[in-house]
Structures are given as structure tokens and as C-alpha cells.
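Enquirer: Sharing final07.pdb (PDB, C-alpha atoms) below.
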```pdb
MODEL        1
ATOM      1  CA  LEU A  24     188.650 286.469 156.880  1.00  0.00           C
ATOM      2  CA  PHE A  25     186.325 289.099 155.480  1.00  0.00           C
ATOM      3  CA  MET A  26     182.807 287.965 154.586  1.00  0.00           C
ATOM      4  CA  GLY A  27     180.314 290.032 152.640  1.00  0.00           C
ATOM      5  CA  ASP A  28     178.954 290.940 149.243  1.00  0.00           C
ATOM      6  CA  HIS A  29     181.641 293.413 148.225  1.00  0.00           C
ATOM      7  CA  SER A  30     179.863 294.115 144.930  1.00  0.00           C
ATOM      8  CA  LEU A  31     177.705 296.442 147.050  1.00  0.00           C
ATOM      9  CA  PRO A  32     179.370 299.870 147.491  1.00  0.00           C
ATOM     10  CA  GLU A  33     178.987 300.030 151.300  1.00  0.00           C
ATOM     11  CA  ILE A  34     180.310 296.511 151.742  1.00  0.00           C
ATOM     12  CA  HIS A  35     183.217 297.239 149.405  1.00  0.00           C
ATOM     13  CA  LEU A  36     184.158 300.180 151.658  1.00  0.00           C
ATOM     14  CA  ARG A  37     183.994 297.901 154.709  1.00  0.00           C
ATOM     15  CA  GLN A  38     186.286 295.435 152.954  1.00  0.00           C
ATOM     16  CA  GLN A  39     188.705 298.262 152.137  1.00  0.00           C
ATOM     17  CA  GLY A  40     188.727 299.267 155.810  1.00  0.00           C
ATOM     18  CA  TRP A  41     189.432 295.671 156.808  1.00  0.00           C
ATOM     19  CA  ALA A  42     192.305 295.503 154.315  1.00  0.00           C
ATOM     20  CA  ALA A  43     193.661 298.868 155.510  1.00  0.00           C
ATOM     21  CA  ALA A  44     193.657 297.614 159.111  1.00  0.00           C
ATOM     22  CA  HIS A  45     195.696 294.610 157.991  1.00  0.00           C
ATOM     23  CA  ALA A  46     198.138 296.879 156.155  1.00  0.00           C
ATOM     24  CA  ASP A  47     198.455 299.126 159.221  1.00  0.00           C
ATOM     25  CA  ALA A  48     199.297 296.043 161.281  1.00  0.00           C
ATOM     26  CA  GLY A  49     201.850 294.874 158.719  1.00  0.00           C
ATOM     27  CA  ARG A  50     199.799 291.790 157.848  1.00  0.00           C
ATOM     28  CA  PRO A  51     199.385 290.799 154.213  1.00  0.00           C
ATOM     29  CA  VAL A  52     195.934 290.158 152.769  1.00  0.00           C
ATOM     30  CA  HIS A  53     195.428 287.261 150.384  1.00  0.00           C
ATOM     31  CA  ALA A  54     192.517 286.854 147.986  1.00  0.00           C
ATOM     32  CA  ALA A  55     191.515 283.618 149.745  1.00  0.00           C
ATOM     33  CA  GLN A  56     190.780 285.653 152.882  1.00  0.00           C
ATOM     34  CA  VAL A  57     187.986 287.590 151.162  1.00  0.00           C
ATOM     35  CA  LEU A  58     184.757 285.616 150.938  1.00  0.00           C
ATOM     36  CA  GLN A  59     182.238 287.011 148.452  1.00  0.00           C
ATOM     37  CA  VAL A  60     179.016 285.978 150.187  1.00  0.00           C
ATOM     38  CA  PRO A  61     175.535 287.500 149.774  1.00  0.00           C
ATOM     39  CA  PHE A  62     173.310 288.255 152.755  1.00  0.00           C
ATOM     40  CA  VAL A  63     171.531 284.889 152.529  1.00  0.00           C
ATOM     41  CA  THR A  64     171.582 282.562 155.541  1.00  0.00           C
ATOM     42  CA  GLU A  65     172.176 279.378 153.558  1.00  0.00           C
ATOM     43  CA  ARG A  66     175.042 280.940 151.584  1.00  0.00           C
ATOM     44  CA  ILE A  67     176.692 282.189 154.781  1.00  0.00           C
ATOM     45  CA  GLN A  68     176.417 278.742 156.359  1.00  0.00           C
ATOM     46  CA  GLN A  69     177.814 277.144 153.190  1.00  0.00           C
ATOM     47  CA  ALA A  70     180.749 279.565 153.097  1.00  0.00           C
ATOM     48  CA  VAL A  71     181.689 278.664 156.676  1.00  0.00           C
ATOM     49  CA  ALA A  72     181.351 274.940 155.945  1.00  0.00           C
ATOM     50  CA  THR A  73     183.449 275.264 152.775  1.00  0.00           C
ATOM     51  CA  GLN A  74     186.246 277.117 154.597  1.00  0.00           C
ATOM     52  CA  LEU A  75     186.358 274.442 157.265  1.00  0.00           C
ATOM     53  CA  GLN A  76     186.116 271.521 154.790  1.00  0.00           C
ATOM     54  CA  GLN A  77     188.952 272.943 152.693  1.00  0.00           C
ATOM     55  CA  GLY A  78     191.143 273.076 155.767  1.00  0.00           C
ATOM     56  CA  GLN A  79     191.702 276.800 155.339  1.00  0.00           C
ATOM     57  CA  PRO A  80     192.711 277.812 158.863  1.00  0.00           C
ATOM     58  CA  PHE A  81     191.364 281.082 160.186  1.00  0.00           C
ATOM     59  CA  ASP A  82     191.216 282.501 163.679  1.00  0.00           C
ATOM     60  CA  ALA A  83     189.093 285.593 163.035  1.00  0.00           C
ATOM     61  CA  LEU A  84     186.293 286.709 160.753  1.00  0.00           C
ATOM     62  CA  PHE A  85     184.938 290.189 160.049  1.00  0.00           C
ATOM     63  CA  ALA A  86     181.369 289.980 158.775  1.00  0.00           C
ATOM     64  CA  ALA A  87     179.820 292.816 156.767  1.00  0.00           C
ATOM     65  CA  SER A  88     176.759 292.881 159.051  1.00  0.00           C
ATOM     66  CA  ASP A  89     175.763 291.819 162.528  1.00  0.00           C
ATOM     67  CA  LEU A  90     173.180 289.344 161.246  1.00  0.00           C
ATOM     68  CA  MET A  91     175.843 287.783 159.032  1.00  0.00           C
ATOM     69  CA  ALA A  92     178.208 287.587 162.026  1.00  0.00           C
ATOM     70  CA  MET A  93     175.521 285.906 164.143  1.00  0.00           C
ATOM     71  CA  THR A  94     174.922 283.354 161.391  1.00  0.00           C
ATOM     72  CA  VAL A  95     178.674 282.728 161.217  1.00  0.00           C
ATOM     73  CA  ILE A  96     178.837 282.176 164.987  1.00  0.00           C
ATOM     74  CA  ASN A  97     175.963 279.688 164.877  1.00  0.00           C
ATOM     75  CA  SER A  98     177.579 277.897 161.918  1.00  0.00           C
ATOM     76  CA  LEU A  99     180.916 277.672 163.724  1.00  0.00           C
ATOM     77  CA  ARG A 100     179.136 276.171 166.746  1.00  0.00           C
ATOM     78  CA  ARG A 101     177.548 273.506 164.551  1.00  0.00           C
ATOM     79  CA  HIS A 102     181.067 272.567 163.446  1.00  0.00           C
ATOM     80  CA  GLY A 103     182.284 272.285 167.032  1.00  0.00           C
ATOM     81  CA  LEU A 104     184.154 275.597 167.170  1.00  0.00           C
ATOM     82  CA  ARG A 105     183.881 278.138 169.959  1.00  0.00           C
ATOM     83  CA  VAL A 106     183.721 281.917 169.692  1.00  0.00           C
ATOM     84  CA  PRO A 107     185.989 283.605 170.693  1.00  0.00           C
ATOM     85  CA  GLU A 108     188.246 280.761 171.881  1.00  0.00           C
ATOM     86  CA  ASP A 109     188.717 279.191 168.432  1.00  0.00           C
ATOM     87  CA  VAL A 110     187.535 281.956 166.099  1.00  0.00           C
ATOM     88  CA  ARG A 111     186.997 285.623 166.902  1.00  0.00           C
ATOM     89  CA  VAL A 112     184.067 287.288 165.151  1.00  0.00           C
ATOM     90  CA  VAL A 113     183.243 290.942 164.536  1.00  0.00           C
ATOM     91  CA  GLY A 114     180.116 292.314 162.888  1.00  0.00           C
ATOM     92  CA  TYR A 115     178.955 295.653 161.548  1.00  0.00           C
ATOM     93  CA  ASP A 116     175.870 297.773 162.389  1.00  0.00           C
ATOM     94  CA  ASP A 117     175.509 297.390 166.182  1.00  0.00           C
ATOM     95  CA  ILE A 118     171.912 296.273 165.970  1.00  0.00           C
ATOM     96  CA  PRO A 119     170.240 296.035 169.413  1.00  0.00           C
ATOM     97  CA  LEU A 120     170.420 292.223 169.415  1.00  0.00           C
ATOM     98  CA  ALA A 121     174.233 292.344 169.133  1.00  0.00           C
ATOM     99  CA  ALA A 122     174.639 293.168 172.840  1.00  0.00           C
ATOM    100  CA  PHE A 123     172.371 290.278 173.876  1.00  0.00           C
ATOM    101  CA  PHE A 124     173.664 287.602 171.496  1.00  0.00           C
ATOM    102  CA  HIS A 125     175.893 284.900 172.987  1.00  0.00           C
ATOM    103  CA  PRO A 126     178.675 285.687 172.988  1.00  0.00           C
ATOM    104  CA  ALA A 127     177.921 289.397 172.890  1.00  0.00           C
ATOM    105  CA  LEU A 128     178.974 290.605 169.445  1.00  0.00           C
ATOM    106  CA  THR A 129     181.867 292.985 168.918  1.00  0.00           C
ATOM    107  CA  THR A 130     180.694 295.287 166.158  1.00  0.00           C
ATOM    108  CA  VAL A 131     181.194 298.523 164.304  1.00  0.00           C
ATOM    109  CA  CYS A 132     178.522 301.054 165.232  1.00  0.00           C
ATOM    110  CA  GLN A 133     177.312 303.377 162.560  1.00  0.00           C
ATOM    111  CA  GLN A 134     175.210 306.374 163.504  1.00  0.00           C
ATOM    112  CA  ILE A 135     171.851 305.563 161.916  1.00  0.00           C
ATOM    113  CA  ALA A 136     170.223 308.893 162.866  1.00  0.00           C
ATOM    114  CA  GLU A 137     173.099 310.872 161.332  1.00  0.00           C
ATOM    115  CA  ALA A 138     172.948 308.681 158.233  1.00  0.00           C
ATOM    116  CA  GLY A 139     169.229 309.362 157.907  1.00  0.00           C
ATOM    117  CA  GLN A 140     169.803 313.104 158.207  1.00  0.00           C
ATOM    118  CA  ALA A 141     172.547 313.003 155.570  1.00  0.00           C
ATOM    119  CA  LEU A 142     170.293 310.997 153.259  1.00  0.00           C
ATOM    120  CA  VAL A 143     167.419 313.461 153.610  1.00  0.00           C
ATOM    121  CA  GLN A 144     169.775 316.415 153.072  1.00  0.00           C
ATOM    122  CA  SER A 145     171.162 314.762 149.955  1.00  0.00           C
ATOM    123  CA  LEU A 146     167.671 314.112 148.610  1.00  0.00           C
ATOM    124  CA  LEU A 147     166.591 317.701 149.274  1.00  0.00           C
ATOM    125  CA  SER A 148     169.716 318.978 147.541  1.00  0.00           C
ATOM    126  CA  GLN A 149     169.029 316.800 144.510  1.00  0.00           C
ATOM    127  CA  LEU A 150     165.420 317.960 144.380  1.00  0.00           C
ATOM    128  CA  GLY A 151     166.791 321.526 144.449  1.00  0.00           C
ATOM    129  CA  GLY A 152     168.892 320.789 141.384  1.00  0.00           C
ATOM    130  CA  GLN A 153     172.210 320.495 143.179  1.00  0.00           C
ATOM    131  CA  ARG A 154     174.756 317.782 142.533  1.00  0.00           C
ATOM    132  CA  CYS A 155     175.339 315.679 145.635  1.00  0.00           C
ATOM    133  CA  SER A 156     178.550 314.220 146.916  1.00  0.00           C
ATOM    134  CA  ASN A 157     179.085 311.169 149.095  1.00  0.00           C
ATOM    135  CA  THR A 158     179.144 311.665 152.834  1.00  0.00           C
ATOM    136  CA  LEU A 159     181.408 309.520 154.959  1.00  0.00           C
ATOM    137  CA  LEU A 160     180.164 309.246 158.544  1.00  0.00           C
ATOM    138  CA  GLN A 161     182.202 308.326 161.587  1.00  0.00           C
ATOM    139  CA  THR A 162     181.914 304.862 163.094  1.00  0.00           C
ATOM    140  CA  THR A 163     183.030 303.425 166.410  1.00  0.00           C
ATOM    141  CA  LEU A 164     184.141 299.974 167.448  1.00  0.00           C
ATOM    142  CA  VAL A 165     181.998 298.467 170.192  1.00  0.00           C
ATOM    143  CA  VAL A 166     184.118 295.797 171.875  1.00  0.00           C
ATOM    144  CA  ARG A 167     182.239 292.818 173.293  1.00  0.00           C
ATOM    145  CA  SER A 168     182.996 289.162 173.995  1.00  0.00           C
ATOM    146  CA  SER A 169     182.978 287.708 170.467  1.00  0.00           C
ATOM    147  CA  SER A 170     186.358 289.247 169.651  1.00  0.00           C
ATOM    148  CA  GLY A 171     188.025 287.828 172.726  1.00  0.00           C
ATOM    149  CA  ALA A 172     188.877 291.300 173.959  1.00  0.00           C
ATOM    150  CA  ALA A 173     187.705 292.585 177.309  1.00  0.00           C
ATOM    151  CA  PRO A 174     184.963 295.206 176.874  1.00  0.00           C
ATOM    152  CA  ALA A 175     185.966 298.709 177.883  1.00  0.00           C
ATOM    153  CA  ALA A 176     184.824 299.642 181.368  1.00  0.00           C
TER
ENDMDL
END
```
Render the structure in this file as C-alpha cells.
Expert:
Amino acid sequence: LFMGDHSLPEIHLRQQGWAAAHADAGRPVHAAQVLQVPFVTERIQQAVATQLQQGQPFDALFAASDLMAMTVINSLRRHGLRVPEDVRVVGYDDIPLAAFFHPALTTVCQQIAEAGQALVQSLLSQLGGQRCSNTLLQTTLVVRSSSGAAPAA
């Protein structure tokens, strides 16, 4: 599953990356696998409960943020499921807490300092009367326990 508010441009790009990874692996993506959920704790918890109540089986979930992923993990626990044994979970952001959460959260790390520099450069360019273009920054996957994969040594 993908969970996030894909009406937001950044989250839409994350969803596109998730779908592209499925395509690369030869796995189809169905609309029911995309959960439009805002970054609100109660709505995240409700989305997990609804998926489980509807009997929609899933063995993995990519959350649009680390905090969303942590909420998903806690919600799965409340429903008697284990991460990563029953459901594998991946987040996005690599916030400092991700490494210390239990299980440690596999996540996509974005370079916040580089993003800040690009933002400032874009703002300065706009103030100088120039038209700005989007900047796509590199990310890296940080593998930890929540995905069921062994972390790289």
C-alpha cells in the first residue's frame, strides 16, 4: 500500500516513485492500494483500521512520512500485527527518531541541507526577477528493521 496525501505535490511525486518501483518489478498497481490519507494521526489510524476491517490483505506499506509510518506501526500493533513479520513498513524523511523507533524504521533520506540551499537559491533568483525551475534532489534508502531486510553493514 501507499499512504499519504497525494494532493500535495511532494507526496504525489513519492507516490509516482512507489508506482514506478512496482512497474520496474513487474507488479501491477491497483487504485485500492493507494490510500489518500492526510497527515492527521486519527485519520491514519482509521485508514489502517478500515483496511484491516475490509479484509484487504497487504504485506507492506510505504508511508509518505516517517511520522505517518510510525503511526501506522503503532496502529498495526493495536490490531495484533507485527512489523516486519506480518507487515513491512517504510517511511520517508529519515528523521532522527526513525533510527531509534521500534522496530527501527526503514526510510528514504532526503538531504535537508541541500534542500534548504536550493530553496534559498530559488528565492534569491525570484527576487532577482528570474523564473525558477523545480529542483529534484537525490535521495537514499536507509534500510532498517521495519522492512524485514537486514541493514547494510
Enquirer: Can you pull out every residue within 12 Å of A:Glu65, counting all atoms listed in the file, but drop anything in the same chain fewer than 5 positions away, and send it as a list in words?
Expert: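 Close residues of A:Glu65: Val60, Ala70, Val71, Ala72, Met91, Thr94, Val95, Asn97 and Ser98 of chain A.
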Enquirer: Just checking: using only C-alpha atoms, which residue out of A:His35, A:Ala138, A:Trp41, A:Leu24 ends up closest to A:Ala54?
Expert: A:Leu24
Enquirer: Please evaluate the PyMOL selection byres ((chain A and resi 131-135) around 7) against the structure above and give the resulting residues as a short mmCIF file (atom, residue, chain, number, x, y, z; two decimals) with C-alpha atoms, keeping the file's coordinate frame.
Expert:
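Below you can see expr_39.cif, which holds the result:
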```
data_model
loop_
_atom_site.label_atom_id
_atom_site.label_comp_id
_atom_site.auth_asym_id
_atom_site.auth_seq_id
_atom_site.Cartn_x
_atom_site.Cartn_y
_atom_site.Cartn_z
CA GLY A 114 180.12 292.31 162.89
CA TYR A 115 178.96 295.65 161.55
CA ASP A 116 175.87 297.77 162.39
CA ASP A 117 175.51 297.39 166.18
CA THR A 130 180.69 295.29 166.16
CA ALA A 136 170.22 308.89 162.87
CA GLU A 137 173.10 310.87 161.33
CA ALA A 138 172.95 308.68 158.23
CA GLY A 139 169.23 309.36 157.91
CA THR A 162 181.91 304.86 163.09
CA THR A 163 183.03 303.42 166.41
CA LEU A 164 184.14 299.97 167.45
CA VAL A 165 182.00 298.47 170.19
#
```
Enquirer: What does the structure give for the distance between atom CA of A:Gly49 and atom CA of A:Ser30, in Å to one decimal?
Expert: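 Rounded to one decimal, the two atoms are 26.0 Å apart.
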Enquirer: What does the structure give for the distance between atom CA of A:Leu120 and atom CA of A:His102, in Å to one decimal?
Expert: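 Straight-line distance from atom CA of A:Leu120 to atom CA of A:His102 works out to 23.1 Å.
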Enquirer: Which neighbours of A:Arg167 fall inside 8 Å, counting all atoms listed in the file, when residues of the same chain fewer than 2 positions from it are skipped, and could you give them as number ranges by chain?
Expert: A: 122, 126-130, 165, 169-174
Enquirer: Could you list the residues chosen by the PyMOL selection byres ((chain A and resi 111) around 9) in this structure as a PyMOL selection string?
Expert: chain A and resi 82-85+105-110+112-113+168-171
Enquirer: What is the atom CA of A:Pro61 to atom CA of A:Gln74 distance in Å?
Expert: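 We find that atom CA of A:Pro61 and atom CA of A:Gln74 lie 15.7 Å from each other.
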Enquirer: Determine, counting all atoms listed in the file, which protein, DNA and RNA residues have an atom within 10 Å of an atom of A:Ala42; residues of the same chain fewer than 5 positions away are not included. Present the result as a PyMOL selection string.
Expert: chain A and resi 25+36-37+47-48+50-53+57
Enquirer: Kindly indicate which residue among A:Ile118, A:Leu160, A:Ala141, A:Ala55 lies nearest to A:Gln77, using only C-alpha atoms for the distances.
Expert: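 That would be A:Ala55, the residue with the smallest distance to A:Gln77.
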Enquirer: So, counting all atoms listed in the file, which residue among A:Gly152, A:Pro119, A:Gly103, A:Pro32 is closest to A:Ala87?
Expert: A:Pro32
Enquirer: With 8 Å added on each side, what axis-aligned box encloses every listed atom of stretch 144-156 of chain A? Give the centre and edge lengths in Å to one decimal, as lines of an AutoDock Vina configuration file.
Expert:
```
center_x = 172.0
center_y = 317.8
center_z = 147.2
size_x = 29.1
size_y = 23.4
size_z = 27.7
```
Enquirer: Identify which of the residues A:Leu159, A:Gly151, A:Gly27, A:Glu33 lies closest to A:Ala92, counting only C-alpha atoms when measuring atom-to-atom distances.
Expert: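 Under the stated criterion, the closest residue is A:Gly27.
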Enquirer: As a PDB file, in the coordinates of the input, please: stretch 106-131 of chain A completed to N, CA, C and O atoms.
Expert:
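What landed in rebuild39.pdb:
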```pdb
ATOM      1  N   VAL A 106     183.425 280.494 169.880  1.00  0.00           N
ATOM      2  CA  VAL A 106     183.721 281.917 169.692  1.00  0.00           C
ATOM      3  C   VAL A 106     183.745 282.541 171.076  1.00  0.00           C
ATOM      4  O   VAL A 106     182.807 282.368 171.842  1.00  0.00           O
ATOM      5  N   PRO A 107     184.811 283.196 171.452  1.00  0.00           N
ATOM      6  CA  PRO A 107     185.989 283.605 170.693  1.00  0.00           C
ATOM      7  C   PRO A 107     187.194 282.689 170.853  1.00  0.00           C
ATOM      8  O   PRO A 107     188.252 282.965 170.293  1.00  0.00           O
ATOM      9  N   GLU A 108     187.077 281.599 171.585  1.00  0.00           N
ATOM     10  CA  GLU A 108     188.246 280.761 171.881  1.00  0.00           C
ATOM     11  C   GLU A 108     188.930 280.223 170.632  1.00  0.00           C
ATOM     12  O   GLU A 108     190.165 280.209 170.551  1.00  0.00           O
ATOM     13  N   ASP A 109     188.151 279.755 169.657  1.00  0.00           N
ATOM     14  CA  ASP A 109     188.717 279.191 168.432  1.00  0.00           C
ATOM     15  C   ASP A 109     188.735 280.204 167.282  1.00  0.00           C
ATOM     16  O   ASP A 109     189.683 280.253 166.505  1.00  0.00           O
ATOM     17  N   VAL A 110     187.670 280.951 167.159  1.00  0.00           N
ATOM     18  CA  VAL A 110     187.535 281.956 166.099  1.00  0.00           C
ATOM     19  C   VAL A 110     186.913 283.208 166.708  1.00  0.00           C
ATOM     20  O   VAL A 110     185.898 283.123 167.386  1.00  0.00           O
ATOM     21  N   ARG A 111     187.541 284.338 166.451  1.00  0.00           N
ATOM     22  CA  ARG A 111     186.997 285.623 166.902  1.00  0.00           C
ATOM     23  C   ARG A 111     186.136 286.193 165.776  1.00  0.00           C
ATOM     24  O   ARG A 111     186.506 286.087 164.604  1.00  0.00           O
ATOM     25  N   VAL A 112     185.005 286.793 166.160  1.00  0.00           N
ATOM     26  CA  VAL A 112     184.067 287.288 165.151  1.00  0.00           C
ATOM     27  C   VAL A 112     183.675 288.729 165.477  1.00  0.00           C
ATOM     28  O   VAL A 112     183.396 289.060 166.633  1.00  0.00           O
ATOM     29  N   VAL A 113     183.661 289.543 164.428  1.00  0.00           N
ATOM     30  CA  VAL A 113     183.243 290.942 164.536  1.00  0.00           C
ATOM     31  C   VAL A 113     182.195 291.206 163.467  1.00  0.00           C
ATOM     32  O   VAL A 113     182.330 290.733 162.334  1.00  0.00           O
ATOM     33  N   GLY A 114     181.170 291.952 163.834  1.00  0.00           N
ATOM     34  CA  GLY A 114     180.116 292.314 162.888  1.00  0.00           C
ATOM     35  C   GLY A 114     180.150 293.795 162.550  1.00  0.00           C
ATOM     36  O   GLY A 114     181.115 294.496 162.856  1.00  0.00           O
ATOM     37  N   TYR A 115     179.061 294.252 161.940  1.00  0.00           N
ATOM     38  CA  TYR A 115     178.955 295.653 161.548  1.00  0.00           C
ATOM     39  C   TYR A 115     177.493 296.054 161.629  1.00  0.00           C
ATOM     40  O   TYR A 115     176.641 295.345 161.113  1.00  0.00           O
ATOM     41  N   ASP A 116     177.193 297.136 162.279  1.00  0.00           N
ATOM     42  CA  ASP A 116     175.870 297.773 162.389  1.00  0.00           C
ATOM     43  C   ASP A 116     175.513 298.102 163.832  1.00  0.00           C
ATOM     44  O   ASP A 116     174.826 299.069 164.079  1.00  0.00           O
ATOM     45  N   ASP A 117     175.904 297.257 164.776  1.00  0.00           N
ATOM     46  CA  ASP A 117     175.509 297.390 166.182  1.00  0.00           C
ATOM     47  C   ASP A 117     173.997 297.408 166.346  1.00  0.00           C
ATOM     48  O   ASP A 117     173.423 298.284 166.985  1.00  0.00           O
ATOM     49  N   ILE A 118     173.352 296.404 165.770  1.00  0.00           N
ATOM     50  CA  ILE A 118     171.912 296.273 165.970  1.00  0.00           C
ATOM     51  C   ILE A 118     171.666 295.946 167.446  1.00  0.00           C
ATOM     52  O   ILE A 118     172.548 295.412 168.126  1.00  0.00           O
ATOM     53  N   PRO A 119     170.488 296.266 167.982  1.00  0.00           N
ATOM     54  CA  PRO A 119     170.240 296.035 169.413  1.00  0.00           C
ATOM     55  C   PRO A 119     170.505 294.603 169.871  1.00  0.00           C
ATOM     56  O   PRO A 119     171.012 294.388 170.968  1.00  0.00           O
ATOM     57  N   LEU A 120     170.213 293.624 169.048  1.00  0.00           N
ATOM     58  CA  LEU A 120     170.420 292.223 169.415  1.00  0.00           C
ATOM     59  C   LEU A 120     171.889 291.884 169.632  1.00  0.00           C
ATOM     60  O   LEU A 120     172.222 290.949 170.369  1.00  0.00           O
ATOM     61  N   ALA A 121     172.795 292.641 169.041  1.00  0.00           N
ATOM     62  CA  ALA A 121     174.233 292.344 169.133  1.00  0.00           C
ATOM     63  C   ALA A 121     174.712 292.276 170.580  1.00  0.00           C
ATOM     64  O   ALA A 121     175.538 291.435 170.927  1.00  0.00           O
ATOM     65  N   ALA A 122     174.213 293.138 171.435  1.00  0.00           N
ATOM     66  CA  ALA A 122     174.639 293.168 172.840  1.00  0.00           C
ATOM     67  C   ALA A 122     174.106 291.975 173.618  1.00  0.00           C
ATOM     68  O   ALA A 122     174.686 291.583 174.631  1.00  0.00           O
ATOM     69  N   PHE A 123     173.021 291.366 173.147  1.00  0.00           N
ATOM     70  CA  PHE A 123     172.371 290.278 173.876  1.00  0.00           C
ATOM     71  C   PHE A 123     172.646 288.905 173.288  1.00  0.00           C
ATOM     72  O   PHE A 123     172.259 287.891 173.849  1.00  0.00           O
ATOM     73  N   PHE A 124     173.302 288.866 172.132  1.00  0.00           N
ATOM     74  CA  PHE A 124     173.664 287.602 171.496  1.00  0.00           C
ATOM     75  C   PHE A 124     174.713 286.921 172.363  1.00  0.00           C
ATOM     76  O   PHE A 124     175.378 287.551 173.178  1.00  0.00           O
ATOM     77  N   HIS A 125     174.865 285.600 172.200  1.00  0.00           N
ATOM     78  CA  HIS A 125     175.893 284.900 172.987  1.00  0.00           C
ATOM     79  C   HIS A 125     176.890 284.248 172.043  1.00  0.00           C
ATOM     80  O   HIS A 125     176.491 283.405 171.235  1.00  0.00           O
ATOM     81  N   PRO A 126     178.151 284.619 172.142  1.00  0.00           N
ATOM     82  CA  PRO A 126     178.675 285.687 172.988  1.00  0.00           C
ATOM     83  C   PRO A 126     178.270 287.059 172.444  1.00  0.00           C
ATOM     84  O   PRO A 126     177.970 287.182 171.253  1.00  0.00           O
ATOM     85  N   ALA A 127     178.266 288.043 173.322  1.00  0.00           N
ATOM     86  CA  ALA A 127     177.921 289.397 172.890  1.00  0.00           C
ATOM     87  C   ALA A 127     178.840 289.784 171.729  1.00  0.00           C
ATOM     88  O   ALA A 127     180.041 289.529 171.767  1.00  0.00           O
ATOM     89  N   LEU A 128     178.265 290.382 170.702  1.00  0.00           N
ATOM     90  CA  LEU A 128     178.974 290.605 169.445  1.00  0.00           C
ATOM     91  C   LEU A 128     179.750 291.918 169.429  1.00  0.00           C
ATOM     92  O   LEU A 128     179.179 292.992 169.604  1.00  0.00           O
ATOM     93  N   THR A 129     181.057 291.804 169.213  1.00  0.00           N
ATOM     94  CA  THR A 129     181.867 292.985 168.918  1.00  0.00           C
ATOM     95  C   THR A 129     181.431 293.462 167.543  1.00  0.00           C
ATOM     96  O   THR A 129     181.249 292.658 166.619  1.00  0.00           O
ATOM     97  N   THR A 130     181.257 294.772 167.398  1.00  0.00           N
ATOM     98  CA  THR A 130     180.694 295.287 166.158  1.00  0.00           C
ATOM     99  C   THR A 130     181.129 296.719 165.907  1.00  0.00           C
ATOM    100  O   THR A 130     181.606 297.397 166.813  1.00  0.00           O
ATOM    101  N   VAL A 131     180.951 297.133 164.676  1.00  0.00           N
ATOM    102  CA  VAL A 131     181.194 298.523 164.304  1.00  0.00           C
ATOM    103  C   VAL A 131     179.843 299.228 164.322  1.00  0.00           C
ATOM    104  O   VAL A 131     178.903 298.793 163.650  1.00  0.00           O
TER     105      VAL A 131
END
```
